[in-house]
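Chemist: Take a look at the following structure, please.
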Amino acid sequence: MLRIYQNSYRRTAKRAVVYSTKVACCNHSTLCSITSHPRRPPHSQHASGNGRYRRHEEFLLAGNPARGWSIPPPSRGYGMLVVRILRGALKLRYLVLGGAIGGGVSLSKKYEDWKDGLPDMKWLQDAMPQGERWSQFSKNLLEVGAVVKNAIDIAKEDLASKTTVAALGITTDESRKKFEMMQNQVETLQTEIMNVQIKYQKELEKMEKENRDLRTQFLLLKTNKKTSAKKIKKSLIDMYSEVLDELTGYDTGYTMADHLPRVVVVGDQSSGKTSVLESIAKARIFPRGSGEMMTRAPVKVTLAEGPYHVAQFRDSEREYDLTKESDLAELRREVEFRMRASVRGGKTVSNEVISMTVKGPGLQRMVLVDLPGIISTMTVDMASDTKDSIHQMTKHYMSNPNAIILCIQDGSVDAERSNVTDLVMQCDPLGRRTIFVLTKVDLAEELADPERIRKILSGKLFPMKALGYYAVVTGRGRKDDSIEAIRQYEEDFFKNSKLFHRRGVIMPHQVTSRNLSMAVSDRFWKMVRETIEQQADAFKATRFNLETEWKNNFPRLRESGRDELFDKAKGEILDEVVTLSQISAKKWDDTLNTKLWEKLSNYVFENIYLPAAQSDSFNTMVDIKLRQWAEQALPAKSVEAGWEALQQEFISLMDHSKKSQDHDGIFDQLKAAVVDEAIRRHSWEDKAIDMLRVIQLNTLEDRFVHDKAEWDQAVKFLETSVNAKLVQTEETLAQMFGPGQMRRLTHWQYLTQDQQKRRSVKNELDKILKNDAKHLPTLSYDELTTVRKNVQRENVDVDTDYIRQTWFPVYRKHFLHQALQRAKECRKAYYLYTQQGAECEISCSDVVLFWRIQQVIKITGNALRQQVINREARRLDKEIKAVLDEFSEDDDKKAHLLTGKRVLLAEELIKVRQIQEKLEEFINSLNQEK
């Protein structure tokens, strides 16, 4: 068996080599996953601080254990040599995982090739994705892309229309309205595009993660043995960059221990600041706009040496090949998208850091932070606080006492127009950590006085001081120029420039982007070595203080951060959702019937019972009203009652869990927010209304009470409902007529003037009801006149509307008392009802009406209970899970819902531990490099 497996493994390895060669020869536009090309070598590391590189042959022989490479066995040396020769001859360059589609197709194809060489393991088919699944997802992604493209085209057309209207100077009201409508459409489309892009990005990241997980599982199953994950060996600059990423947001004001060096790139808007950074990175990695602010958020760029010129975002696995224009364009679009996504609430700039790594041959190791350009005037499309926000952000980064300030000055404009030099001088008056860079020197040579430029570069023009002064050329006015062409143009310019040869005071090492990057890198690493030990000691002290504070305040609890607390709360919420399905049918029936009558009782009395009692034909009016009710409002009200009952039971379970001994109050706010959001999103299925309408109409068609037990229940239901309505009516009367005589004497209360007038009118109305117990619900004109004249004798002047307002609750109380009397008489009249029917001596139509209402409530409650148990509880469960998934990815939401000293202290302690561990790891590696 072992021999068979070894032979299968050799065949699989050969297929992998052949497949990799085929992929290398395919069209360059095809997306290839790194998992499909096992022969691609990883990026090499910098050999030492002096800029030398490892020999390529040593790299090939030694491999890279960080990505699972190892020294090939002697028996396969010849085969590996052939592979190296082919790779060198064909100059194989593969793309890193560029998207879920390409990665999925490559993984699926590779799996089919390897499957032939494996033992019979058909059960793996359940664990691996099928081709239809990837095809369907690819189709969906293409549809999303088409939607985004159409939205962008529409937005462009609207913007063009907006520009045309502005250019023509149209000022009519109609044109202004059209302009406002187009502007609103553009804003709406931009929001929709942003949402689609965010959803698309999340899907890509999700599929990339699934792709990696599947690849790992497959390789583990293929080798048929447990392999321990090898620790990835990172470069010094990568380790240092991770430390800075951990510090992002921890020490926002540099008031604690975050004094680690960074190269902060500052300058006026359009001064060439971004171009300098691109020249140092040797790639056009940032979006550009003519005269428009493009840098809207800090961009942290970690530069490192490597065999391939690639870029990668911190929170993404995708690598962009910077030697390909298509990847560069995608990278610039992604940077612009992240910048615009970080700007919220009508702001123009954001403090959220966009972190990326750029690796390539000849790059100097350093960490640069590109900031928005300093502006002196704001445009109408900017937020009102944009200028101050940029100043505060720039000061924030330059306030770090160990930050290296790369001050960019546009050489083609007058020096007096500069805003950045004064700002730099405030933060670094002695110039101990400032490097001055004069850009666009080729334009300055034509426009400015040569002597003035020499003064600038010798530090004699500006009052600010600096460690060094450099002159660079970062372009020649052509957007399509490559970095290589720009660098060659720069070299030629400084060789032939009149400013920088013979009698010029500028030294050769003060010019070109190459010399600038080397000088900044040297200064950066010198400052890192001087300060890193001190920063590590500061974090050790901070950690000790935090651990002591935790032990004093929470001695029996473990330090749990927000992520861990959220996972625990998530488990408790899901457990309570499961408990919802275990509620008994009887409890559901009681809750639903109670909630239904709360929703329906007012309509039954106001729109059916009382109007029918006023008519000559009670039963006919009842039939008409009930049918109209069942065809229109009743089904929707029933669904509303069912949803409120489901909500009530779920909240009741949540409240009951608070009484347990294991309850942790820190989760209450989070649980309430999750439940509220899930309830807000959840809606009852639409088809439930149609189903309820049918059964309710059928139930109301039955007009005959079947047995004595149902009759007694109907009488009891009538009495209970009328008594409840009578209590409400008496409360209304108490507010209208004031307290009685006994309460006024015992509680020292008095009647208001209006209450005295109401009492006078009530006395006259009581006389009318006393004389005619079967009085109609309305007063005649003669009765209104009589009441008004009678109260005038008591010096009370009222109008007819005032009398009618008083009559309504008085008559209702009278009517409800009569209804109770009829119910009492009908309690023992069931057999008369069955024998004589509608012609019974005792009128029991009220009982029959409430029996029909009671039957509808029972049938509706039973249908709603089945819907809750079979459908709605499960749908609510899905809604809650979806809300929990969204909250888990929203750090701001978790920070808002999980608060308190315990959480804040634990979060800070965990963060400090992580930073200290990474600092110590970096220091050990730094000492080894020395």
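Identifiers for the structure tokens are assigned positionally: chains receive A, B, ... in sequence, residues are indexed from 1 per chain, and ligands are indexed from 1 in the order shown.
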I'd like to know which residues of stretch 358-463 of chain A are strand (DSSP E or B) (by DSSP, run on the backbone); could you write them as a list in words?

Modeler: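 Everything in stretch 358-463 of chain A that counts as strand (DSSP E or B) is Val358, Lys359, Gly360, Met366, Val367, Leu368, Val369, Asp370, Ile374, Ile404, Ile405, Leu406, Cys407, Ile408, Gln409, Asp410, Thr434, Ile435, Phe436, Val437, Leu438 and Thr439 of chain A.
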
Chemist: Please produce a file of those selected residues containing C-alpha atoms, as a CSV table (one decimal), in the first residue's frame.

Modeler:
```
chain,number,residue,atom,x,y,z
A,358,VAL,CA,5.5,47.3,-1.6
A,359,LYS,CA,8.4,44.9,-2.3
A,360,GLY,CA,10.8,44.8,-5.2
A,366,MET,CA,11.5,52.0,5.4
A,367,VAL,CA,8.0,52.9,6.5
A,368,LEU,CA,6.4,56.0,4.9
A,369,VAL,CA,3.1,57.7,5.7
A,370,ASP,CA,1.6,59.8,2.9
A,374,ILE,CA,-1.9,71.1,3.0
A,404,ILE,CA,11.2,61.7,10.2
A,405,ILE,CA,9.6,64.6,8.4
A,406,LEU,CA,10.0,64.5,4.6
A,407,CYS,CA,9.1,68.1,3.8
A,408,ILE,CA,8.1,68.4,0.1
A,409,GLN,CA,8.3,71.9,-1.5
A,410,ASP,CA,7.2,72.7,-5.1
A,434,THR,CA,13.5,67.0,8.9
A,435,ILE,CA,14.6,66.3,5.4
A,436,PHE,CA,13.8,69.0,2.8
A,437,VAL,CA,12.9,67.9,-0.7
A,438,LEU,CA,12.6,70.4,-3.6
A,439,THR,CA,10.4,68.9,-6.5
```

Chemist: Identify, on the basis of only C-alpha atoms, every residue whose closest approach to A:Gly738 does not exceed 8 Å; exclude the query and any residue fewer than 5 positions from it along the same chain; express the result as a list of chain:residue names.

Modeler: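 Non-adjacent residues within range: A:Leu733, A:Leu751, A:Thr752, A:Gln755.
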
Chemist: With distances taken over only C-alpha atoms, which residue among A:Thr591, A:Asn771, A:Gln741, A:Gln632 lies nearest A:Ala645?

Modeler: A:Thr591

Chemist: Could you name the residues that touch A:Val715 at 6 Å or less, counting only C-alpha atoms, but leaving out those on the same chain fewer than 3 positions away, as a PyMOL selection string?

Modeler: chain A and resi 712+718+847

Chemist: Those residues you just picked out, can you put them in a file as a PDB file, in the first residue's frame with N, CA and C atoms?

Modeler:
```
ATOM      1  N   ASP A 712     -71.559  29.017  26.955  1.00  0.00           N
ATOM      2  CA  ASP A 712     -71.085  29.568  28.225  1.00  0.00           C
ATOM      3  C   ASP A 712     -69.774  30.324  28.046  1.00  0.00           C
ATOM      4  N   LEU A 718     -68.043  37.636  26.432  1.00  0.00           N
ATOM      5  CA  LEU A 718     -68.776  38.894  26.294  1.00  0.00           C
ATOM      6  C   LEU A 718     -68.689  39.705  27.578  1.00  0.00           C
ATOM      7  N   VAL A 847     -74.350  37.677  22.276  1.00  0.00           N
ATOM      8  CA  VAL A 847     -73.582  36.464  22.603  1.00  0.00           C
ATOM      9  C   VAL A 847     -73.118  35.771  21.326  1.00  0.00           C
TER      10      VAL A 847
END
```

Chemist: Counting only C-alpha atoms, what is within 10 Å of A:Ile923, bar same-chain residues fewer than 2 positions away, as a ChimeraX atom specification?

Modeler: /A:236,239-240,529,532-533,536,917-921,925-929

Chemist: Store the residues of this selection in a file with C-alpha atoms, as a compact mmCIF listing (two decimals), in the first residue's frame.

Modeler:
```txt
# COMPACT_ATOMS: atom_id res chain seq x y z
CA LEU A 236 12.78 43.14 9.69
CA MET A 239 7.95 42.91 11.55
CA TYR A 240 8.40 46.61 12.24
CA ARG A 529 18.08 51.40 16.47
CA ILE A 532 13.48 50.75 19.88
CA GLU A 533 14.87 49.53 23.22
CA ALA A 536 10.05 48.31 24.47
CA GLU A 917 5.61 40.65 22.07
CA LYS A 918 6.04 42.00 18.55
CA LEU A 919 8.56 44.58 19.78
CA GLU A 920 10.64 41.91 21.50
CA GLU A 921 10.50 39.72 18.41
CA SER A 925 15.83 39.93 14.86
CA LEU A 926 17.42 43.38 14.75
CA ASN A 927 20.19 42.28 17.09
CA GLN A 928 20.81 39.18 14.99
CA GLU A 929 21.19 41.32 11.87
```

Chemist: Could you tell me how far atom CA of A:Thr860 sits from atom CA of A:Leu692, in Å to one decimal place?

Modeler: 6.9 Å

Chemist: A:Lys599, A:Arg804, A:His682, A:Lys282: which is nearest A:Leu784, counting only C-alpha atoms?

Modeler: A:Arg804

Chemist: So, counting only C-alpha atoms, which residue among A:Arg788, A:Arg344, A:Arg759, A:Lys395 is closest to A:Ala734?

Modeler: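 Checking each candidate against A:Ala734, we get A:Arg759 as the closest.
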
Chemist: Can you list, as a PyMOL selection string, every protein, DNA or RNA residue that comes within 12 Å of A:Glu598 when you count only C-alpha atoms, leaving out same-chain residues fewer than 6 positions away?

Modeler: chain A and resi 591-592+604-605+637-638+640-642+644-645+721+724-725+857

Chemist: May I have the residues within 12 Å of A:Gln647 as a list in words, using only C-alpha atoms and disregarding those fewer than 3 positions away in the same chain?

Modeler: Val577, Leu580, Trp588, Thr591, Leu592, Lys595, Glu640, Ala641, Gly642, Trp643, Glu644, Phe650, Ile651, Ser652, Leu653, Met654, Val675, Asp676, Glu677, Ala678, Ile679, Arg680, His682, Ser683, Trp684, Val868, Glu872, Ala873 and Leu876 of chain A

Chemist: With N, CA and C atoms kept, could you save the residues just selected as a PDB file, in the first residue's frame?

Modeler:
```pdb
ATOM      1  N   VAL A 577     -32.374  31.423  21.137  1.00  0.00           N
ATOM      2  CA  VAL A 577     -33.198  31.248  19.948  1.00  0.00           C
ATOM      3  C   VAL A 577     -33.663  29.802  19.840  1.00  0.00           C
ATOM      4  N   LEU A 580     -36.556  29.119  21.990  1.00  0.00           N
ATOM      5  CA  LEU A 580     -37.817  29.637  21.461  1.00  0.00           C
ATOM      6  C   LEU A 580     -38.638  28.535  20.804  1.00  0.00           C
ATOM      7  N   TRP A 588     -48.149  29.093  23.458  1.00  0.00           N
ATOM      8  CA  TRP A 588     -48.264  29.879  22.239  1.00  0.00           C
ATOM      9  C   TRP A 588     -49.711  30.287  22.010  1.00  0.00           C
ATOM     10  N   THR A 591     -50.726  33.069  24.460  1.00  0.00           N
ATOM     11  CA  THR A 591     -50.094  34.343  24.114  1.00  0.00           C
ATOM     12  C   THR A 591     -50.695  34.943  22.852  1.00  0.00           C
ATOM     13  N   LEU A 592     -50.909  34.101  21.830  1.00  0.00           N
ATOM     14  CA  LEU A 592     -51.448  34.604  20.564  1.00  0.00           C
ATOM     15  C   LEU A 592     -52.884  35.076  20.724  1.00  0.00           C
ATOM     16  N   LYS A 595     -52.878  38.402  22.552  1.00  0.00           N
ATOM     17  CA  LYS A 595     -52.378  39.482  21.699  1.00  0.00           C
ATOM     18  C   LYS A 595     -53.375  39.819  20.587  1.00  0.00           C
ATOM     19  N   GLU A 640     -49.902  41.054  12.348  1.00  0.00           N
ATOM     20  CA  GLU A 640     -49.226  41.995  13.236  1.00  0.00           C
ATOM     21  C   GLU A 640     -49.255  41.493  14.674  1.00  0.00           C
ATOM     22  N   ALA A 641     -50.395  40.949  15.084  1.00  0.00           N
ATOM     23  CA  ALA A 641     -50.493  40.396  16.438  1.00  0.00           C
ATOM     24  C   ALA A 641     -49.589  39.182  16.611  1.00  0.00           C
ATOM     25  N   GLY A 642     -49.517  38.328  15.572  1.00  0.00           N
ATOM     26  CA  GLY A 642     -48.636  37.168  15.657  1.00  0.00           C
ATOM     27  C   GLY A 642     -47.179  37.563  15.770  1.00  0.00           C
ATOM     28  N   TRP A 643     -46.766  38.582  15.016  1.00  0.00           N
ATOM     29  CA  TRP A 643     -45.380  39.044  15.074  1.00  0.00           C
ATOM     30  C   TRP A 643     -45.071  39.629  16.446  1.00  0.00           C
ATOM     31  N   GLU A 644     -45.992  40.387  17.013  1.00  0.00           N
ATOM     32  CA  GLU A 644     -45.766  40.953  18.340  1.00  0.00           C
ATOM     33  C   GLU A 644     -45.717  39.862  19.406  1.00  0.00           C
ATOM     34  N   PHE A 650     -39.847  36.020  22.664  1.00  0.00           N
ATOM     35  CA  PHE A 650     -38.382  36.007  22.559  1.00  0.00           C
ATOM     36  C   PHE A 650     -37.753  36.956  23.575  1.00  0.00           C
ATOM     37  N   ILE A 651     -38.318  38.152  23.700  1.00  0.00           N
ATOM     38  CA  ILE A 651     -37.802  39.101  24.690  1.00  0.00           C
ATOM     39  C   ILE A 651     -37.990  38.554  26.097  1.00  0.00           C
ATOM     40  N   SER A 652     -39.091  37.845  26.310  1.00  0.00           N
ATOM     41  CA  SER A 652     -39.320  37.245  27.625  1.00  0.00           C
ATOM     42  C   SER A 652     -38.243  36.212  27.958  1.00  0.00           C
ATOM     43  N   LEU A 653     -37.831  35.435  26.942  1.00  0.00           N
ATOM     44  CA  LEU A 653     -36.754  34.471  27.166  1.00  0.00           C
ATOM     45  C   LEU A 653     -35.445  35.196  27.479  1.00  0.00           C
ATOM     46  N   MET A 654     -35.192  36.285  26.786  1.00  0.00           N
ATOM     47  CA  MET A 654     -33.970  37.050  27.037  1.00  0.00           C
ATOM     48  C   MET A 654     -33.978  37.619  28.463  1.00  0.00           C
ATOM     49  N   VAL A 675     -31.261  41.840  19.090  1.00  0.00           N
ATOM     50  CA  VAL A 675     -32.680  41.486  19.015  1.00  0.00           C
ATOM     51  C   VAL A 675     -33.476  42.589  18.320  1.00  0.00           C
ATOM     52  N   ASP A 676     -33.223  43.836  18.683  1.00  0.00           N
ATOM     53  CA  ASP A 676     -33.954  44.948  18.064  1.00  0.00           C
ATOM     54  C   ASP A 676     -33.698  45.010  16.564  1.00  0.00           C
ATOM     55  N   GLU A 677     -32.451  44.829  16.168  1.00  0.00           N
ATOM     56  CA  GLU A 677     -32.127  44.889  14.740  1.00  0.00           C
ATOM     57  C   GLU A 677     -32.749  43.718  13.984  1.00  0.00           C
ATOM     58  N   ALA A 678     -32.709  42.523  14.569  1.00  0.00           N
ATOM     59  CA  ALA A 678     -33.312  41.356  13.912  1.00  0.00           C
ATOM     60  C   ALA A 678     -34.828  41.522  13.794  1.00  0.00           C
ATOM     61  N   ILE A 679     -35.445  42.037  14.845  1.00  0.00           N
ATOM     62  CA  ILE A 679     -36.897  42.256  14.815  1.00  0.00           C
ATOM     63  C   ILE A 679     -37.255  43.328  13.792  1.00  0.00           C
ATOM     64  N   ARG A 680     -36.426  44.351  13.694  1.00  0.00           N
ATOM     65  CA  ARG A 680     -36.691  45.415  12.716  1.00  0.00           C
ATOM     66  C   ARG A 680     -36.622  44.883  11.289  1.00  0.00           C
ATOM     67  N   HIS A 682     -37.039  41.647  10.367  1.00  0.00           N
ATOM     68  CA  HIS A 682     -37.902  40.500  10.114  1.00  0.00           C
ATOM     69  C   HIS A 682     -39.313  40.946   9.760  1.00  0.00           C
ATOM     70  N   SER A 683     -39.911  40.288   8.826  1.00  0.00           N
ATOM     71  CA  SER A 683     -41.306  40.536   8.459  1.00  0.00           C
ATOM     72  C   SER A 683     -41.981  39.199   8.194  1.00  0.00           C
ATOM     73  N   TRP A 684     -43.275  39.147   8.498  1.00  0.00           N
ATOM     74  CA  TRP A 684     -44.034  37.912   8.312  1.00  0.00           C
ATOM     75  C   TRP A 684     -44.184  37.607   6.829  1.00  0.00           C
ATOM     76  N   VAL A 868     -45.615  30.205  13.291  1.00  0.00           N
ATOM     77  CA  VAL A 868     -44.477  30.551  14.139  1.00  0.00           C
ATOM     78  C   VAL A 868     -43.547  29.367  14.307  1.00  0.00           C
ATOM     79  N   GLU A 872     -41.743  31.044  11.029  1.00  0.00           N
ATOM     80  CA  GLU A 872     -41.279  32.354  11.479  1.00  0.00           C
ATOM     81  C   GLU A 872     -40.161  32.273  12.508  1.00  0.00           C
ATOM     82  N   ALA A 873     -40.197  31.296  13.403  1.00  0.00           N
ATOM     83  CA  ALA A 873     -39.116  31.164  14.384  1.00  0.00           C
ATOM     84  C   ALA A 873     -37.786  30.859  13.687  1.00  0.00           C
ATOM     85  N   LEU A 876     -36.651  34.036  11.905  1.00  0.00           N
ATOM     86  CA  LEU A 876     -36.079  34.953  12.888  1.00  0.00           C
ATOM     87  C   LEU A 876     -34.687  34.495  13.300  1.00  0.00           C
TER      88      LEU A 876
END
```

Chemist: Name all residues at most 10 Å from stretch 295-299 of chain A (count only C-alpha atoms; drop same-chain ones fewer than 4 positions away) and give them as a PyMOL selection string.

Modeler: chain A and resi 264-265+269+274+286-289+335-336+338-340+342-343+347-356+368-373+390+393-394+397

Chemist: So which bits of stretch 615-768 of chain A end up helix (DSSP H, G or I) when you DSSP the backbone, as a VMD selection string?

Modeler: chain A and resid 618 to 631 633 to 657 665 to 681 687 to 700 708 to 737 741 to 747 753 to 768

Chemist: Would you work out the distance separating atom CA of A:Arg758 from atom CA of A:Tyr609, expressed in Å to one decimal?

Modeler: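 Answer for the atom CA of A:Arg758 to atom CA of A:Tyr609 separation: 27.0 Å.
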